[in-house]
Amino acid sequence: ACGEIFSSLADMEGLVSTEFELMKQLDNYIQEEEIRLKRLRGYLEEYENNHHEASEDVSKYLANPLNAYLLVKRLTSDWKKVEGVMTQNAGTAFMINITQHRGVLYFPSEEDLNGAAVALMRLQDTYKLDTHALANGDLLGKKYSRQLTAGDCWELGRQSYNNGDHYHTVLWMGEALNKWDDESNKTVTRNEILEYLAFSTFKQGNVKEALQLTNELLKIVPYHQRAIGNKKHYEDVLRQLGVIPEHGKTEDSDVGMSEPFNTANLKLKKPPGTFGISNDHWDKYEKLCRGEKLMDPKIEGHLRCRYVTNNEPYFFIQPLKMEEAFLKPLLVIYHDVIFDEEIETVKKLAHPRFKRTTVMNSATGKLETAKYRISKAAFLKNKEHHHVLKMSRRVGAITGLDMSTAEDLQVCNYGIGGHYEPHFDYARKNETIGFNKDSGWRNRIATWLFYMSDVEAGGATVFPALNVALWPQKGSAAFWYNLFPNGEGNELTRHAACPVLTGSKWVANKWIHEKNQELRRPCGLTVDAET
Ligand SMILES: O=C(O)CCC(=O)C(=O)O
Ligand SMILES: [Fe+2]
């Protein structure tokens, strides 16, 4: 599966409707409240008039029995009416309205918020986006969005903190702190920022700076119990490290920050990539995602583009445009092999079927929960639409492989930050589930991957062991063999979908199995046939 279903661009569009509905309800509520307040103001004015008259000459006023009566009335039954209007809680009614909409509208959960924050951190790491630039809406030199406020940065820091990610907590709380000074409309307090920042700075191994930040915090909240405790602890650590003397304090201990907080002055450790992948592999994965060229020019020099027909009459009229991306294992791109109309149909068919689920991570063989992957998948059978059937037949015609053991078309949509970590498409030796083992189809011999959208930035398919990055182009498709001709899995085919930085990415997979291919793995394509 191309990732788990967490939330996606399509869901995000639903959120815009949700926001519109909330705005409408809030507007109605404000209007109603304005009417209510106007009524209250009317009462007040009446009270003022009467009171004015009474206070001019109290005894003269009360000498009139009508006045005496009216005063009592104003403070009893009249006031009751006022109280009634004052405590009339129109808000409750609107909250009920909104609650009723919850069944119909998509409301993101706390977990969604966390997922969105994690996706942003992932983009930051993969594409080496500078925190300050990102907070100013600058994505790789292009100005994309509005700026983040100190409160926004604080929230990102808080999400990171809750995930135990002190690295990103420091980056985002640091940004929050620097933004805070210049903001007139503050939505977070300085001490709230300092509290997280100090602790995570300590957790990242910067004890002295953590102490300075804690001292800053204690300047604002002198009796902050946790800060007092932390300060003691940081001083103990610094004494053990010999930074401050054994007994007593140095001027260091009570000093706050001497200059604006700058994360560049700290030593920070980025959290490791993912399990099962060496640091070197992860590093290459990220480099390829960023578009760095890693391929040896000698290998690249052997790659060709050509027109192919596969001896299929269909392609005599319009030969296929094939581009080699790697030779051993064979990895090719075909251009213009899916038409816009087909793409629209497939997207439409897939749309209502996207749902949240768990899938197996083929790199680990484990079932994973839907957390942290902003992508979604749906399966389409050949018989569902003539376009789906035609696409499958076309893959058969182009690859020369038997499509009766090909899986249903898997359609994937990646939203911002959507990705698929490095994995193999074939079942590895100890894997027992997920590959139609019982059907006798055996392993996934080859992968066909239709690209159904361009991606504005990010979203490449990368093969770290081959130094190859494929950039999605609407209408093209990638094809590769996962297995050696003897059926053994080729580890060099490990690949990943890089996070989408801007835009949205649509792909559709066709996985082809070993069964029935015995005489078919076509010679024209098996550069490694002799191996
Ligand atoms: O979306 C991509 O670029 C790759 C998808 C993939 O590897 C998969 O679905 O197995
Ligand atoms: Fe894959």
# chains A, B, ... in the order shown; residues from 1 in each chain; ligands from 1
>>> closest_atom_pairs(of="chain A", to="ligand 2", cutoff="9 Å", atoms="only C-alpha atoms and all ligand atoms", output="JSON lines")
{"residue": "A:Ala1", "atom": "CA", "partner": "ligand 2", "partner_atom_place_in_ligand_line": "1 (Fe)", "distance": 7.5}
{"residue": "A:Cys2", "atom": "CA", "partner": "ligand 2", "partner_atom_place_in_ligand_line": "1 (Fe)", "distance": 6.6}
{"residue": "A:Ser362", "atom": "CA", "partner": "ligand 2", "partner_atom_place_in_ligand_line": "1 (Fe)", "distance": 8.7}
{"residue": "A:Tyr420", "atom": "CA", "partner": "ligand 2", "partner_atom_place_in_ligand_line": "1 (Fe)", "distance": 8.0}
{"residue": "A:Pro422", "atom": "CA", "partner": "ligand 2", "partner_atom_place_in_ligand_line": "1 (Fe)", "distance": 8.0}
{"residue": "A:His423", "atom": "CA", "partner": "ligand 2", "partner_atom_place_in_ligand_line": "1 (Fe)", "distance": 6.3}
{"residue": "A:Phe424", "atom": "CA", "partner": "ligand 2", "partner_atom_place_in_ligand_line": "1 (Fe)", "distance": 6.0}
{"residue": "A:Asp425", "atom": "CA", "partner": "ligand 2", "partner_atom_place_in_ligand_line": "1 (Fe)", "distance": 4.8}
{"residue": "A:Tyr426", "atom": "CA", "partner": "ligand 2", "partner_atom_place_in_ligand_line": "1 (Fe)", "distance": 8.6}
{"residue": "A:Thr447", "atom": "CA", "partner": "ligand 2", "partner_atom_place_in_ligand_line": "1 (Fe)", "distance": 7.7}
{"residue": "A:Leu449", "atom": "CA", "partner": "ligand 2", "partner_atom_place_in_ligand_line": "1 (Fe)", "distance": 8.7}
{"residue": "A:Thr461", "atom": "CA", "partner": "ligand 2", "partner_atom_place_in_ligand_line": "1 (Fe)", "distance": 8.8}
{"residue": "A:Thr493", "atom": "CA", "partner": "ligand 2", "partner_atom_place_in_ligand_line": "1 (Fe)", "distance": 9.0}
{"residue": "A:Arg494", "atom": "CA", "partner": "ligand 2", "partner_atom_place_in_ligand_line": "1 (Fe)", "distance": 7.8}
{"residue": "A:His495", "atom": "CA", "partner": "ligand 2", "partner_atom_place_in_ligand_line": "1 (Fe)", "distance": 6.2}
{"residue": "A:Ala496", "atom": "CA", "partner": "ligand 2", "partner_atom_place_in_ligand_line": "1 (Fe)", "distance": 6.5}
{"residue": "A:Ala497", "atom": "CA", "partner": "ligand 2", "partner_atom_place_in_ligand_line": "1 (Fe)", "distance": 7.8}
{"residue": "A:Asn509", "atom": "CA", "partner": "ligand 2", "partner_atom_place_in_ligand_line": "1 (Fe)", "distance": 8.4}
>>> write_last_selection(atoms="N, CA and C atoms", output="mmCIF file, in the first residue's frame")
data_model
loop_
_atom_site.group_PDB
_atom_site.id
_atom_site.type_symbol
_atom_site.label_atom_id
_atom_site.label_comp_id
_atom_site.auth_asym_id
_atom_site.auth_seq_id
_atom_site.Cartn_x
_atom_site.Cartn_y
_atom_site.Cartn_z
ATOM 1 N N ALA A 1 0.847 -1.205 0.000
ATOM 2 C CA ALA A 1 0.000 0.000 0.000
ATOM 3 C C ALA A 1 0.870 1.238 0.000
ATOM 4 N N CYS A 2 0.384 2.266 -0.619
ATOM 5 C CA CYS A 2 1.205 3.458 -0.764
ATOM 6 C C CYS A 2 1.092 4.331 0.459
ATOM 7 N N SER A 362 5.686 -2.921 4.292
ATOM 8 C CA SER A 362 6.389 -4.065 3.712
ATOM 9 C C SER A 362 7.883 -4.048 4.047
ATOM 10 N N TYR A 420 5.908 7.895 1.560
ATOM 11 C CA TYR A 420 5.961 6.465 1.827
ATOM 12 C C TYR A 420 7.423 6.128 2.030
ATOM 13 N N PRO A 422 11.097 4.290 2.723
ATOM 14 C CA PRO A 422 11.767 3.257 1.921
ATOM 15 C C PRO A 422 11.246 1.845 2.233
ATOM 16 N N HIS A 423 10.972 1.096 1.189
ATOM 17 C CA HIS A 423 10.378 -0.246 1.348
ATOM 18 C C HIS A 423 10.618 -1.070 0.088
ATOM 19 N N PHE A 424 10.261 -2.353 0.177
ATOM 20 C CA PHE A 424 10.301 -3.244 -0.988
ATOM 21 C C PHE A 424 8.876 -3.568 -1.387
ATOM 22 N N ASP A 425 8.644 -3.720 -2.665
ATOM 23 C CA ASP A 425 7.298 -4.094 -3.099
ATOM 24 C C ASP A 425 7.103 -5.612 -3.042
ATOM 25 N N TYR A 426 8.209 -6.355 -3.047
ATOM 26 C CA TYR A 426 8.075 -7.820 -3.015
ATOM 27 C C TYR A 426 8.078 -8.308 -1.563
ATOM 28 N N THR A 447 6.617 -4.033 -10.730
ATOM 29 C CA THR A 447 5.743 -2.934 -10.304
ATOM 30 C C THR A 447 5.541 -1.979 -11.461
ATOM 31 N N LEU A 449 3.845 1.770 -12.103
ATOM 32 C CA LEU A 449 3.388 2.912 -11.311
ATOM 33 C C LEU A 449 2.991 4.064 -12.242
ATOM 34 N N THR A 461 9.785 9.667 -6.649
ATOM 35 C CA THR A 461 9.948 8.265 -6.260
ATOM 36 C C THR A 461 11.444 8.001 -6.308
ATOM 37 N N THR A 493 16.033 -2.752 -5.290
ATOM 38 C CA THR A 493 14.785 -2.098 -5.708
ATOM 39 C C THR A 493 14.107 -1.357 -4.559
ATOM 40 N N ARG A 494 14.765 -1.305 -3.426
ATOM 41 C CA ARG A 494 14.163 -0.570 -2.318
ATOM 42 C C ARG A 494 13.900 0.879 -2.763
ATOM 43 N N HIS A 495 12.702 1.351 -2.503
ATOM 44 C CA HIS A 495 12.334 2.686 -2.989
ATOM 45 C C HIS A 495 11.398 3.370 -2.011
ATOM 46 N N ALA A 496 11.156 4.649 -2.260
ATOM 47 C CA ALA A 496 10.329 5.442 -1.350
ATOM 48 C C ALA A 496 9.647 6.548 -2.128
ATOM 49 N N ALA A 497 8.533 7.017 -1.562
ATOM 50 C CA ALA A 497 7.886 8.209 -2.115
ATOM 51 C C ALA A 497 8.251 9.376 -1.200
ATOM 52 N N ASN A 509 -0.920 2.124 -8.809
ATOM 53 C CA ASN A 509 -0.015 0.985 -8.879
ATOM 54 C C ASN A 509 -0.657 -0.209 -9.519
#
>>> select_by_dssp(residues="region 81-133 of chain A", states="helix (DSSP H, G or I)", output="PDB file with N, CA and C atoms, in the first residue's frame")
ATOM      1  N   LYS A  81     -36.210  40.670  34.685  1.00  0.00           N
ATOM      2  CA  LYS A  81     -36.247  40.592  33.232  1.00  0.00           C
ATOM      3  C   LYS A  81     -34.838  40.820  32.666  1.00  0.00           C
ATOM      4  N   VAL A  82     -34.172  41.841  33.232  1.00  0.00           N
ATOM      5  CA  VAL A  82     -32.809  42.137  32.772  1.00  0.00           C
ATOM      6  C   VAL A  82     -31.899  40.934  33.010  1.00  0.00           C
ATOM      7  N   GLU A  83     -32.013  40.396  34.196  1.00  0.00           N
ATOM      8  CA  GLU A  83     -31.187  39.221  34.523  1.00  0.00           C
ATOM      9  C   GLU A  83     -31.435  38.086  33.542  1.00  0.00           C
ATOM     10  N   GLY A  84     -32.728  37.927  33.240  1.00  0.00           N
ATOM     11  CA  GLY A  84     -33.094  36.876  32.292  1.00  0.00           C
ATOM     12  C   GLY A  84     -32.377  37.059  30.971  1.00  0.00           C
ATOM     13  N   VAL A  85     -32.392  38.301  30.484  1.00  0.00           N
ATOM     14  CA  VAL A  85     -31.735  38.561  29.194  1.00  0.00           C
ATOM     15  C   VAL A  85     -30.215  38.407  29.320  1.00  0.00           C
ATOM     16  N   MET A  86     -29.704  38.868  30.492  1.00  0.00           N
ATOM     17  CA  MET A  86     -28.245  38.779  30.681  1.00  0.00           C
ATOM     18  C   MET A  86     -27.748  37.344  30.681  1.00  0.00           C
ATOM     19  N   THR A  87     -28.539  36.466  31.282  1.00  0.00           N
ATOM     20  CA  THR A  87     -28.059  35.084  31.411  1.00  0.00           C
ATOM     21  C   THR A  87     -28.544  34.179  30.287  1.00  0.00           C
ATOM     22  N   ALA A  90     -27.203  32.389  24.432  1.00  0.00           N
ATOM     23  CA  ALA A  90     -27.386  32.064  23.014  1.00  0.00           C
ATOM     24  C   ALA A  90     -26.269  31.154  22.530  1.00  0.00           C
ATOM     25  N   GLY A  91     -25.109  31.272  23.156  1.00  0.00           N
ATOM     26  CA  GLY A  91     -23.962  30.462  22.745  1.00  0.00           C
ATOM     27  C   GLY A  91     -24.271  28.978  22.795  1.00  0.00           C
ATOM     28  N   THR A  92     -24.976  28.550  23.840  1.00  0.00           N
ATOM     29  CA  THR A  92     -25.289  27.131  24.007  1.00  0.00           C
ATOM     30  C   THR A  92     -26.047  26.604  22.793  1.00  0.00           C
ATOM     31  N   ALA A  93     -27.031  27.400  22.350  1.00  0.00           N
ATOM     32  CA  ALA A  93     -27.816  26.961  21.197  1.00  0.00           C
ATOM     33  C   ALA A  93     -26.920  26.768  19.986  1.00  0.00           C
ATOM     34  N   PHE A  94     -25.983  27.663  19.791  1.00  0.00           N
ATOM     35  CA  PHE A  94     -25.114  27.549  18.622  1.00  0.00           C
ATOM     36  C   PHE A  94     -24.139  26.390  18.766  1.00  0.00           C
ATOM     37  N   MET A  95     -23.721  26.143  20.000  1.00  0.00           N
ATOM     38  CA  MET A  95     -22.849  24.990  20.207  1.00  0.00           C
ATOM     39  C   MET A  95     -23.585  23.714  19.829  1.00  0.00           C
ATOM     40  N   ILE A  96     -24.894  23.680  20.152  1.00  0.00           N
ATOM     41  CA  ILE A  96     -25.689  22.506  19.786  1.00  0.00           C
ATOM     42  C   ILE A  96     -25.767  22.391  18.262  1.00  0.00           C
ATOM     43  N   ASN A  97     -25.997  23.529  17.603  1.00  0.00           N
ATOM     44  CA  ASN A  97     -26.006  23.542  16.139  1.00  0.00           C
ATOM     45  C   ASN A  97     -24.738  22.934  15.574  1.00  0.00           C
ATOM     46  N   ILE A  98     -23.617  23.398  16.116  1.00  0.00           N
ATOM     47  CA  ILE A  98     -22.324  22.954  15.594  1.00  0.00           C
ATOM     48  C   ILE A  98     -22.150  21.461  15.857  1.00  0.00           C
ATOM     49  N   THR A  99     -22.553  21.035  17.057  1.00  0.00           N
ATOM     50  CA  THR A  99     -22.437  19.620  17.396  1.00  0.00           C
ATOM     51  C   THR A  99     -23.233  18.764  16.425  1.00  0.00           C
ATOM     52  N   GLN A 100     -24.422  19.273  16.067  1.00  0.00           N
ATOM     53  CA  GLN A 100     -25.238  18.509  15.127  1.00  0.00           C
ATOM     54  C   GLN A 100     -24.538  18.378  13.779  1.00  0.00           C
ATOM     55  N   HIS A 101     -23.751  19.368  13.426  1.00  0.00           N
ATOM     56  CA  HIS A 101     -23.043  19.308  12.146  1.00  0.00           C
ATOM     57  C   HIS A 101     -21.875  18.337  12.182  1.00  0.00           C
ATOM     58  N   GLU A 110      -7.421  15.850  17.598  1.00  0.00           N
ATOM     59  CA  GLU A 110      -6.108  16.205  18.156  1.00  0.00           C
ATOM     60  C   GLU A 110      -5.011  15.427  17.426  1.00  0.00           C
ATOM     61  N   GLU A 111      -5.335  14.187  17.081  1.00  0.00           N
ATOM     62  CA  GLU A 111      -4.359  13.338  16.401  1.00  0.00           C
ATOM     63  C   GLU A 111      -4.059  13.867  14.999  1.00  0.00           C
ATOM     64  N   ASP A 112      -5.091  14.400  14.359  1.00  0.00           N
ATOM     65  CA  ASP A 112      -4.886  15.004  13.044  1.00  0.00           C
ATOM     66  C   ASP A 112      -3.948  16.203  13.147  1.00  0.00           C
ATOM     67  N   LEU A 113      -4.163  16.993  14.199  1.00  0.00           N
ATOM     68  CA  LEU A 113      -3.316  18.165  14.404  1.00  0.00           C
ATOM     69  C   LEU A 113      -1.870  17.724  14.581  1.00  0.00           C
ATOM     70  N   ASN A 114      -1.711  16.652  15.370  1.00  0.00           N
ATOM     71  CA  ASN A 114      -0.366  16.133  15.579  1.00  0.00           C
ATOM     72  C   ASN A 114       0.222  15.626  14.265  1.00  0.00           C
ATOM     73  N   GLY A 115      -0.584  14.924  13.491  1.00  0.00           N
ATOM     74  CA  GLY A 115      -0.118  14.418  12.200  1.00  0.00           C
ATOM     75  C   GLY A 115       0.295  15.539  11.262  1.00  0.00           C
ATOM     76  N   ALA A 116      -0.482  16.615  11.273  1.00  0.00           N
ATOM     77  CA  ALA A 116      -0.160  17.749  10.406  1.00  0.00           C
ATOM     78  C   ALA A 116       1.155  18.397  10.839  1.00  0.00           C
ATOM     79  N   ALA A 117       1.367  18.468  12.164  1.00  0.00           N
ATOM     80  CA  ALA A 117       2.613  19.051  12.680  1.00  0.00           C
ATOM     81  C   ALA A 117       3.799  18.158  12.323  1.00  0.00           C
ATOM     82  N   VAL A 118       3.623  16.844  12.492  1.00  0.00           N
ATOM     83  CA  VAL A 118       4.705  15.912  12.165  1.00  0.00           C
ATOM     84  C   VAL A 118       5.030  15.983  10.677  1.00  0.00           C
ATOM     85  N   ALA A 119       3.992  16.112   9.842  1.00  0.00           N
ATOM     86  CA  ALA A 119       4.218  16.219   8.400  1.00  0.00           C
ATOM     87  C   ALA A 119       5.066  17.456   8.084  1.00  0.00           C
ATOM     88  N   LEU A 120       4.783  18.527   8.789  1.00  0.00           N
ATOM     89  CA  LEU A 120       5.537  19.763   8.562  1.00  0.00           C
ATOM     90  C   LEU A 120       7.006  19.595   8.971  1.00  0.00           C
ATOM     91  N   MET A 121       7.234  18.902  10.096  1.00  0.00           N
ATOM     92  CA  MET A 121       8.611  18.635  10.549  1.00  0.00           C
ATOM     93  C   MET A 121       9.349  17.765   9.533  1.00  0.00           C
ATOM     94  N   ARG A 122       8.603  16.817   8.970  1.00  0.00           N
ATOM     95  CA  ARG A 122       9.195  15.912   7.983  1.00  0.00           C
ATOM     96  C   ARG A 122       9.634  16.697   6.754  1.00  0.00           C
ATOM     97  N   LEU A 123       8.786  17.622   6.327  1.00  0.00           N
ATOM     98  CA  LEU A 123       9.150  18.458   5.179  1.00  0.00           C
ATOM     99  C   LEU A 123      10.369  19.293   5.522  1.00  0.00           C
ATOM    100  N   GLN A 124      10.354  19.823   6.730  1.00  0.00           N
ATOM    101  CA  GLN A 124      11.472  20.657   7.175  1.00  0.00           C
ATOM    102  C   GLN A 124      12.780  19.878   7.115  1.00  0.00           C
ATOM    103  N   ASP A 125      12.759  18.628   7.602  1.00  0.00           N
ATOM    104  CA  ASP A 125      13.976  17.819   7.623  1.00  0.00           C
ATOM    105  C   ASP A 125      14.380  17.382   6.222  1.00  0.00           C
ATOM    106  N   THR A 126      13.424  16.823   5.484  1.00  0.00           N
ATOM    107  CA  THR A 126      13.749  16.258   4.173  1.00  0.00           C
ATOM    108  C   THR A 126      14.265  17.339   3.232  1.00  0.00           C
ATOM    109  N   THR A 131      13.996  26.943   9.780  1.00  0.00           N
ATOM    110  CA  THR A 131      12.808  27.207  10.615  1.00  0.00           C
ATOM    111  C   THR A 131      12.300  28.632  10.446  1.00  0.00           C
ATOM    112  N   HIS A 132      13.238  29.571  10.475  1.00  0.00           N
ATOM    113  CA  HIS A 132      12.848  30.979  10.397  1.00  0.00           C
ATOM    114  C   HIS A 132      12.196  31.299   9.044  1.00  0.00           C
ATOM    115  N   ALA A 133      12.805  30.763   7.971  1.00  0.00           N
ATOM    116  CA  ALA A 133      12.249  30.991   6.631  1.00  0.00           C
ATOM    117  C   ALA A 133      10.867  30.359   6.524  1.00  0.00           C
TER     118      ALA A 133
END
>>> atom_distance(atom1="CA of Leu380 (chain A)", atom2="CA of Pro108 (chain A)")
27.4 Å
>>> select_by_dssp(residues="region 45-207 of chain A", states="strand (DSSP E)", output="PyMOL selection string")
chain A and resi 138-139+142-143
>>> atom_distance(atom1="CA of Lys231 (chain A)", atom2="CA of Glu183 (chain A)")
28.4 Å
